[in-house]
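Listing of input.cif; format and content: mmCIF, C-alpha atoms and all ligand atoms; chains and numbers go by the auth columns.
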```cif
data_structure
#
loop_
_atom_site.group_PDB
_atom_site.id
_atom_site.type_symbol
_atom_site.label_atom_id
_atom_site.label_comp_id
_atom_site.label_asym_id
_atom_site.label_seq_id
_atom_site.Cartn_x
_atom_site.Cartn_y
_atom_site.Cartn_z
_atom_site.B_iso_or_equiv
_atom_site.auth_seq_id
_atom_site.auth_asym_id
ATOM 1 C CA MET A 1 -28.621 25.392 24.927 0.00 1 Q
ATOM 2 C CA ARG A 2 -31.486 23.457 23.411 0.00 2 Q
ATOM 3 C CA CYS A 3 -33.838 21.740 25.842 0.00 3 Q
ATOM 4 C CA PRO A 4 -33.337 17.970 25.634 0.00 4 Q
ATOM 5 C CA TYR A 5 -36.977 17.315 26.604 0.00 5 Q
ATOM 6 C CA CYS A 6 -39.090 19.552 24.389 0.00 6 Q
ATOM 7 C CA GLY A 7 -36.483 20.773 21.929 0.00 7 Q
ATOM 8 C CA TYR A 8 -36.951 24.453 22.706 0.00 8 Q
ATOM 9 C CA GLU A 9 -33.913 26.385 21.458 0.00 9 Q
ATOM 10 C CA ASP A 10 -33.061 28.252 24.619 0.00 10 Q
ATOM 11 C CA SER A 11 -32.631 27.627 28.335 0.00 11 Q
ATOM 12 C CA ARG A 12 -31.951 29.656 31.451 0.00 12 Q
ATOM 13 C CA VAL A 13 -28.856 29.110 33.539 0.00 13 Q
ATOM 14 C CA LEU A 14 -29.857 28.723 37.179 0.00 14 Q
ATOM 15 C CA ASP A 15 -26.477 27.951 38.627 0.00 15 Q
ATOM 16 C CA SER A 16 -22.834 27.649 37.486 0.00 16 Q
ATOM 17 C CA ARG A 17 -20.004 26.179 39.443 0.00 17 Q
ATOM 18 C CA PRO A 18 -16.539 24.812 38.795 0.00 18 Q
ATOM 19 C CA VAL A 19 -16.134 21.061 39.119 0.00 19 Q
ATOM 20 C CA GLU A 20 -13.396 18.501 38.488 0.00 20 Q
ATOM 21 C CA GLU A 21 -10.853 20.707 40.243 0.00 21 Q
ATOM 22 C CA GLY A 22 -11.725 23.683 38.094 0.00 22 Q
ATOM 23 C CA SER A 23 -11.255 21.962 34.782 0.00 23 Q
ATOM 24 C CA ALA A 24 -14.969 22.028 34.012 0.00 24 Q
ATOM 25 C CA ILE A 25 -17.996 24.166 34.801 0.00 25 Q
ATOM 26 C CA ARG A 26 -21.296 22.568 35.655 0.00 26 Q
ATOM 27 C CA ARG A 27 -24.394 24.544 34.743 0.00 27 Q
ATOM 28 C CA ARG A 28 -27.859 23.835 35.984 0.00 28 Q
ATOM 29 C CA ARG A 29 -30.380 24.950 33.342 0.00 29 Q
ATOM 30 C CA GLU A 30 -34.101 25.312 33.049 0.00 30 Q
ATOM 31 C CA CYS A 31 -36.235 25.300 29.943 0.00 31 Q
ATOM 32 C CA PRO A 32 -38.538 28.364 29.850 0.00 32 Q
ATOM 33 C CA ARG A 33 -41.145 26.412 27.897 0.00 33 Q
ATOM 34 C CA CYS A 34 -41.524 23.030 29.602 0.00 34 Q
ATOM 35 C CA GLU A 35 -39.767 24.173 32.811 0.00 35 Q
ATOM 36 C CA ARG A 36 -37.777 21.000 33.108 0.00 36 Q
ATOM 37 C CA ARG A 37 -34.213 21.201 34.379 0.00 37 Q
ATOM 38 C CA PHE A 38 -31.035 19.704 32.980 0.00 38 Q
ATOM 39 C CA THR A 39 -27.291 19.954 33.475 0.00 39 Q
ATOM 40 C CA THR A 40 -24.515 20.840 31.068 0.00 40 Q
ATOM 41 C CA TYR A 41 -20.739 20.744 31.461 0.00 41 Q
ATOM 42 C CA GLU A 42 -18.284 23.103 29.891 0.00 42 Q
ATOM 43 C CA ARG A 43 -14.719 21.968 29.367 0.00 43 Q
ATOM 44 C CA VAL A 44 -11.681 23.424 27.686 0.00 44 Q
ATOM 45 C CA GLU A 45 -11.193 21.806 24.342 0.00 45 Q
ATOM 46 C CA VAL A 46 -7.619 20.735 23.909 0.00 46 Q
ATOM 47 C CA ALA A 47 -7.399 20.588 20.159 0.00 47 Q
ATOM 48 C CA PRO A 48 -5.362 17.598 19.101 0.00 48 Q
ATOM 49 C CA LEU A 49 -2.360 18.719 17.093 0.00 49 Q
ATOM 50 C CA MET A 50 -1.890 16.492 14.096 0.00 50 Q
ATOM 51 C CA VAL A 51 1.398 15.845 12.396 0.00 51 Q
ATOM 52 C CA VAL A 52 1.292 15.400 8.630 0.00 52 Q
ATOM 53 C CA LYS A 53 3.989 12.981 7.618 0.00 53 Q
ATOM 54 C CA ARG A 54 5.852 13.001 4.326 0.00 54 Q
ATOM 55 C CA ASP A 55 3.644 10.306 2.872 0.00 55 Q
ATOM 56 C CA GLY A 56 0.570 12.339 3.791 0.00 56 Q
ATOM 57 C CA ARG A 57 -0.520 10.203 6.717 0.00 57 Q
ATOM 58 C CA ARG A 58 -1.495 11.982 9.899 0.00 58 Q
ATOM 59 C CA GLU A 59 -0.756 11.106 13.490 0.00 59 Q
ATOM 60 C CA PRO A 60 -1.196 12.974 16.774 0.00 60 Q
ATOM 61 C CA PHE A 61 1.711 15.117 17.897 0.00 61 Q
ATOM 62 C CA ASP A 62 3.777 12.989 20.244 0.00 62 Q
ATOM 63 C CA ARG A 63 6.510 14.652 22.277 0.00 63 Q
ATOM 64 C CA GLY A 64 7.656 11.247 23.513 0.00 64 Q
ATOM 65 C CA LYS A 65 8.429 10.235 19.974 0.00 65 Q
ATOM 66 C CA ILE A 66 10.558 13.321 19.366 0.00 66 Q
ATOM 67 C CA LEU A 67 12.359 12.805 22.661 0.00 67 Q
ATOM 68 C CA GLY A 68 12.993 9.186 21.702 0.00 68 Q
ATOM 69 C CA GLY A 69 14.671 10.298 18.485 0.00 69 Q
ATOM 70 C CA LEU A 70 16.766 12.795 20.401 0.00 70 Q
ATOM 71 C CA LEU A 71 17.858 10.215 22.974 0.00 71 Q
ATOM 72 C CA LYS A 72 18.949 7.953 20.165 0.00 72 Q
ATOM 73 C CA ALA A 73 20.929 10.776 18.593 0.00 73 Q
ATOM 74 C CA ARG A 74 22.437 11.684 21.956 0.00 74 Q
ATOM 75 C CA GLY A 75 24.078 8.304 22.407 0.00 75 Q
ATOM 76 C CA LYS A 76 26.823 8.889 24.953 0.00 76 Q
ATOM 77 C CA ARG A 77 27.161 12.591 24.275 0.00 77 Q
ATOM 78 C CA PRO A 78 27.184 14.676 27.462 0.00 78 Q
ATOM 79 C CA ILE A 79 23.768 16.261 26.973 0.00 79 Q
ATOM 80 C CA PRO A 80 21.503 16.368 30.035 0.00 80 Q
ATOM 81 C CA LEU A 81 18.087 14.796 29.615 0.00 81 Q
ATOM 82 C CA GLU A 82 16.558 18.055 30.876 0.00 82 Q
ATOM 83 C CA ALA A 83 18.116 19.929 27.971 0.00 83 Q
ATOM 84 C CA LEU A 84 16.488 17.543 25.497 0.00 84 Q
ATOM 85 C CA GLU A 85 13.147 17.741 27.297 0.00 85 Q
ATOM 86 C CA ALA A 86 13.354 21.528 27.234 0.00 86 Q
ATOM 87 C CA LEU A 87 14.143 21.382 23.535 0.00 87 Q
ATOM 88 C CA VAL A 88 11.050 19.271 22.835 0.00 88 Q
ATOM 89 C CA ALA A 89 8.879 21.525 24.993 0.00 89 Q
ATOM 90 C CA ASP A 90 10.148 24.559 23.109 0.00 90 Q
ATOM 91 C CA VAL A 91 9.410 22.967 19.740 0.00 91 Q
ATOM 92 C CA GLU A 92 5.921 22.023 20.921 0.00 92 Q
ATOM 93 C CA ARG A 93 5.352 25.570 22.139 0.00 93 Q
ATOM 94 C CA VAL A 94 6.374 26.951 18.744 0.00 94 Q
ATOM 95 C CA VAL A 95 4.166 24.626 16.706 0.00 95 Q
ATOM 96 C CA ARG A 96 1.151 25.053 18.997 0.00 96 Q
ATOM 97 C CA HIS A 97 1.631 28.795 18.927 0.00 97 Q
ATOM 98 C CA ARG A 98 0.977 28.730 15.189 0.00 98 Q
ATOM 99 C CA GLY A 99 -2.610 27.996 16.130 0.00 99 Q
ATOM 100 C CA GLU A 100 -3.090 25.494 13.342 0.00 100 Q
ATOM 101 C CA ALA A 101 -4.532 22.031 13.776 0.00 101 Q
ATOM 102 C CA GLU A 102 -1.869 20.424 11.630 0.00 102 Q
ATOM 103 C CA VAL A 103 1.862 20.701 11.327 0.00 103 Q
ATOM 104 C CA ARG A 104 4.130 19.126 8.748 0.00 104 Q
ATOM 105 C CA SER A 105 6.629 16.668 10.195 0.00 105 Q
ATOM 106 C CA SER A 106 9.356 18.429 8.206 0.00 106 Q
ATOM 107 C CA LEU A 107 8.757 21.649 10.138 0.00 107 Q
ATOM 108 C CA ILE A 108 9.075 19.789 13.435 0.00 108 Q
ATOM 109 C CA GLY A 109 12.284 18.225 12.171 0.00 109 Q
ATOM 110 C CA GLU A 110 13.732 21.592 11.176 0.00 110 Q
ATOM 111 C CA LEU A 111 12.810 23.139 14.527 0.00 111 Q
ATOM 112 C CA VAL A 112 14.393 20.244 16.412 0.00 112 Q
ATOM 113 C CA MET A 113 17.567 20.329 14.321 0.00 113 Q
ATOM 114 C CA GLU A 114 17.931 24.078 14.627 0.00 114 Q
ATOM 115 C CA ARG A 115 17.977 23.736 18.414 0.00 115 Q
ATOM 116 C CA LEU A 116 19.988 20.537 18.620 0.00 116 Q
ATOM 117 C CA ARG A 117 22.697 22.056 16.470 0.00 117 Q
ATOM 118 C CA SER A 118 23.504 24.693 19.048 0.00 118 Q
ATOM 119 C CA LEU A 119 23.374 22.052 21.782 0.00 119 Q
ATOM 120 C CA ASP A 120 25.675 19.398 20.359 0.00 120 Q
ATOM 121 C CA GLU A 121 26.963 19.080 16.811 0.00 121 Q
ATOM 122 C CA VAL A 122 27.575 15.348 16.882 0.00 122 Q
ATOM 123 C CA ALA A 123 24.075 14.600 18.155 0.00 123 Q
ATOM 124 C CA TYR A 124 22.800 17.070 15.603 0.00 124 Q
ATOM 125 C CA VAL A 125 24.439 15.247 12.717 0.00 125 Q
ATOM 126 C CA ARG A 126 23.154 11.901 13.982 0.00 126 Q
ATOM 127 C CA PHE A 127 19.639 13.229 14.316 0.00 127 Q
ATOM 128 C CA ALA A 128 19.772 15.019 10.989 0.00 128 Q
ATOM 129 C CA SER A 129 21.089 11.995 9.125 0.00 129 Q
ATOM 130 C CA GLU A 130 18.347 9.842 10.592 0.00 130 Q
ATOM 131 C CA TYR A 131 15.741 12.475 9.995 0.00 131 Q
ATOM 132 C CA ARG A 132 16.697 13.341 6.443 0.00 132 Q
ATOM 133 C CA ARG A 133 17.512 9.815 5.418 0.00 133 Q
ATOM 134 C CA PHE A 134 14.724 9.526 2.900 0.00 134 Q
ATOM 135 C CA SER A 135 14.152 13.105 1.921 0.00 135 Q
ATOM 136 C CA ASP A 136 17.338 14.992 1.637 0.00 136 Q
ATOM 137 C CA ALA A 137 20.370 12.758 1.558 0.00 137 Q
ATOM 138 C CA ASP A 138 22.502 15.281 -0.322 0.00 138 Q
ATOM 139 C CA SER A 139 22.115 18.071 2.145 0.00 139 Q
ATOM 140 C CA ILE A 140 23.147 15.897 5.062 0.00 140 Q
ATOM 141 C CA VAL A 141 26.234 14.760 3.178 0.00 141 Q
ATOM 142 C CA GLU A 142 27.035 18.423 2.616 0.00 142 Q
ATOM 143 C CA GLU A 143 26.369 19.168 6.249 0.00 143 Q
ATOM 144 C CA VAL A 144 28.697 16.417 7.448 0.00 144 Q
ATOM 145 C CA ALA A 145 31.378 17.635 5.052 0.00 145 Q
ATOM 146 C CA ARG A 146 30.922 21.181 6.307 0.00 146 Q
ATOM 147 C CA LEU A 147 31.233 20.104 9.937 0.00 147 Q
ATOM 148 C CA ARG A 148 34.289 17.992 9.182 0.00 148 Q
ATOM 149 C CA ALA A 149 35.976 20.860 7.378 0.00 149 Q
ATOM 150 C CA GLN A 150 35.211 23.127 10.294 0.00 150 Q
ATOM 151 C CA LYS A 151 36.607 20.596 12.782 0.00 151 Q
ATOM 152 C CA ALA A 152 39.719 20.169 10.661 0.00 152 Q
ATOM 153 C CA ARG A 153 40.270 23.930 10.571 0.00 153 Q
ATOM 154 C CA GLU A 154 39.883 24.131 14.324 0.00 154 Q
ATOM 155 C CA GLU A 155 42.284 21.234 14.747 0.00 155 Q
ATOM 156 C CA LEU A 156 44.857 22.900 12.503 0.00 156 Q
ATOM 157 C CA SER A 157 44.736 26.184 14.321 0.00 157 Q
ATOM 158 C CA ARG A 158 45.113 24.367 17.645 0.00 158 Q
ATOM 159 C CA ARG A 159 48.061 22.245 16.674 0.00 159 Q
ATOM 160 C CA GLN A 160 51.601 23.132 15.789 0.00 160 Q
ATOM 161 C CA ILE A 161 52.290 21.543 12.437 0.00 161 Q
ATOM 162 C CA PRO A 162 55.912 20.484 11.985 0.00 162 Q
ATOM 163 C CA LEU A 163 57.057 21.788 8.616 0.00 163 Q
ATOM 164 C CA LEU A 164 59.511 18.973 7.960 0.00 164 Q
ATOM 165 C CA PRO A 165 59.570 15.403 9.232 0.00 165 Q
ATOM 166 C CA ALA A 166 62.508 14.584 11.450 0.00 166 Q
ATOM 167 C CA PRO A 167 65.175 12.655 9.458 0.00 167 Q
ATOM 168 C CA GLU A 168 65.186 9.558 11.580 0.00 168 Q
ATOM 169 C CA ASN A 169 66.342 6.923 9.152 0.00 169 Q
ATOM 170 C CA PRO A 170 67.618 8.559 5.949 0.00 170 Q
ATOM 171 C CA GLY A 171 68.855 5.363 4.338 0.00 171 Q
ATOM 172 C CA ASN A 172 65.580 3.399 4.322 0.00 172 Q
ATOM 173 C CA GLY A 173 65.170 3.330 0.568 0.00 173 Q
ATOM 174 C CA ARG A 174 62.358 5.857 0.320 0.00 174 Q
ATOM 175 C CA TYR A 175 64.323 8.009 -2.075 0.00 175 Q
HETATM 176 ZN ZN ZN B . -38.236 22.148 27.369 0.00 201 E
#
```
Would you write the structure of this file as structure tokens?
Amino acid sequence: MRCPYCGYEDSRVLDSRPVEEGSAIRRRRECPRCERRFTTYERVEVAPLMVVKRDGRREPFDRGKILGGLLKARGKRPIPLEALEALVADVERVVRHRGEAEVRSSLIGELVMERLRSLDEVAYVRFASEYRRFSDADSIVEEVARLRAQKAREELSRRQIPLLPAPENPGNGRY
């Protein structure tokens, strides 16, 4: 560390100790040239994770914002808040684990949807339709159609379908 008094490039560390409940280290230093002493602090740098939006603007990663979107999509669906919080935490873990300073908002959206889908399909469709509103309207229409078809198939296999309607009132003029 450069001496702030004479500008000499190096300094000796006389003493190091943790401060601020261990979140920083305070070092007492001495310049070997002018022999003056000064103090430095070392702190962990929490690199701000920036989200690159579709229009190219950047904003800090905000888990509250993602959670807000999820709560909106949840509506009255029986999904515990903890499950949504865990989902957001998991997505944050994944994007931070990439070790890059920036993440595209579309990747966050995909990660959220992937997880929400296995949690609750209705909330998933709501979130996806909101999320993809401007970018990918066709795929969400397809997705809704796919889910509806799946629901209809499930409904059919659950229900007994009467093959013929009961002849209640044969003379009503329908024929
Ligand atoms: Zn000095």
Nearby polymer residues, ligand ZN 201 (chain E), at most 8 Å, only C-alpha atoms and all ligand atoms, as a VMD selection string: chain Q and resid 2 to 8 11 30 to 36
Expected selection from the PyMOL selection byres (((chain Q and resi 41-48) around 8) and not hetatm), given as number ranges by chain: Q: 23-27, 39-40, 49-50, 60-61, 101
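The set of residues that the PyMOL selection byres (((chain Q and resi 84-90) around 8) and not hetatm) takes from this file is Arg63, Ile66, Leu67, Leu70, Leu71, Ile79, Pro80, Leu81, Glu82, Ala83, Val91, Glu92, Arg93, Val94, Val112, Arg115 and Leu116 of chain Q.
One distance worth recording is that between atom CA of Val125 of chain Q and atom CA of Arg159 of chain Q, which is 25.0 Å.
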Pairwise distance for atom CA of Arg153 of chain Q and atom CA of Gly75 of chain Q, rounded to one decimal in Å: 25.4 Å
Residues returned when the PyMOL selection byres (((chain Q and resi 127) around 8) and not hetatm) runs on this file, as a ChimeraX atom specification: /Q:69-70,72-73,113,123-126,128-131
Any chance you can output those residues with C-alpha atoms as an mmCIF file, keeping the file's coordinate frame?
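So the final result, stored in selection-v9.cif, reads:
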```
data_model
loop_
_atom_site.group_PDB
_atom_site.id
_atom_site.type_symbol
_atom_site.label_atom_id
_atom_site.label_comp_id
_atom_site.auth_asym_id
_atom_site.auth_seq_id
_atom_site.Cartn_x
_atom_site.Cartn_y
_atom_site.Cartn_z
ATOM 1 C CA GLY Q 69 14.671 10.298 18.485
ATOM 2 C CA LEU Q 70 16.766 12.795 20.401
ATOM 3 C CA LYS Q 72 18.949 7.953 20.165
ATOM 4 C CA ALA Q 73 20.929 10.776 18.593
ATOM 5 C CA MET Q 113 17.567 20.329 14.321
ATOM 6 C CA ALA Q 123 24.075 14.600 18.155
ATOM 7 C CA TYR Q 124 22.800 17.070 15.603
ATOM 8 C CA VAL Q 125 24.439 15.247 12.717
ATOM 9 C CA ARG Q 126 23.154 11.901 13.982
ATOM 10 C CA ALA Q 128 19.772 15.019 10.989
ATOM 11 C CA SER Q 129 21.089 11.995 9.125
ATOM 12 C CA GLU Q 130 18.347 9.842 10.592
ATOM 13 C CA TYR Q 131 15.741 12.475 9.995
#
```
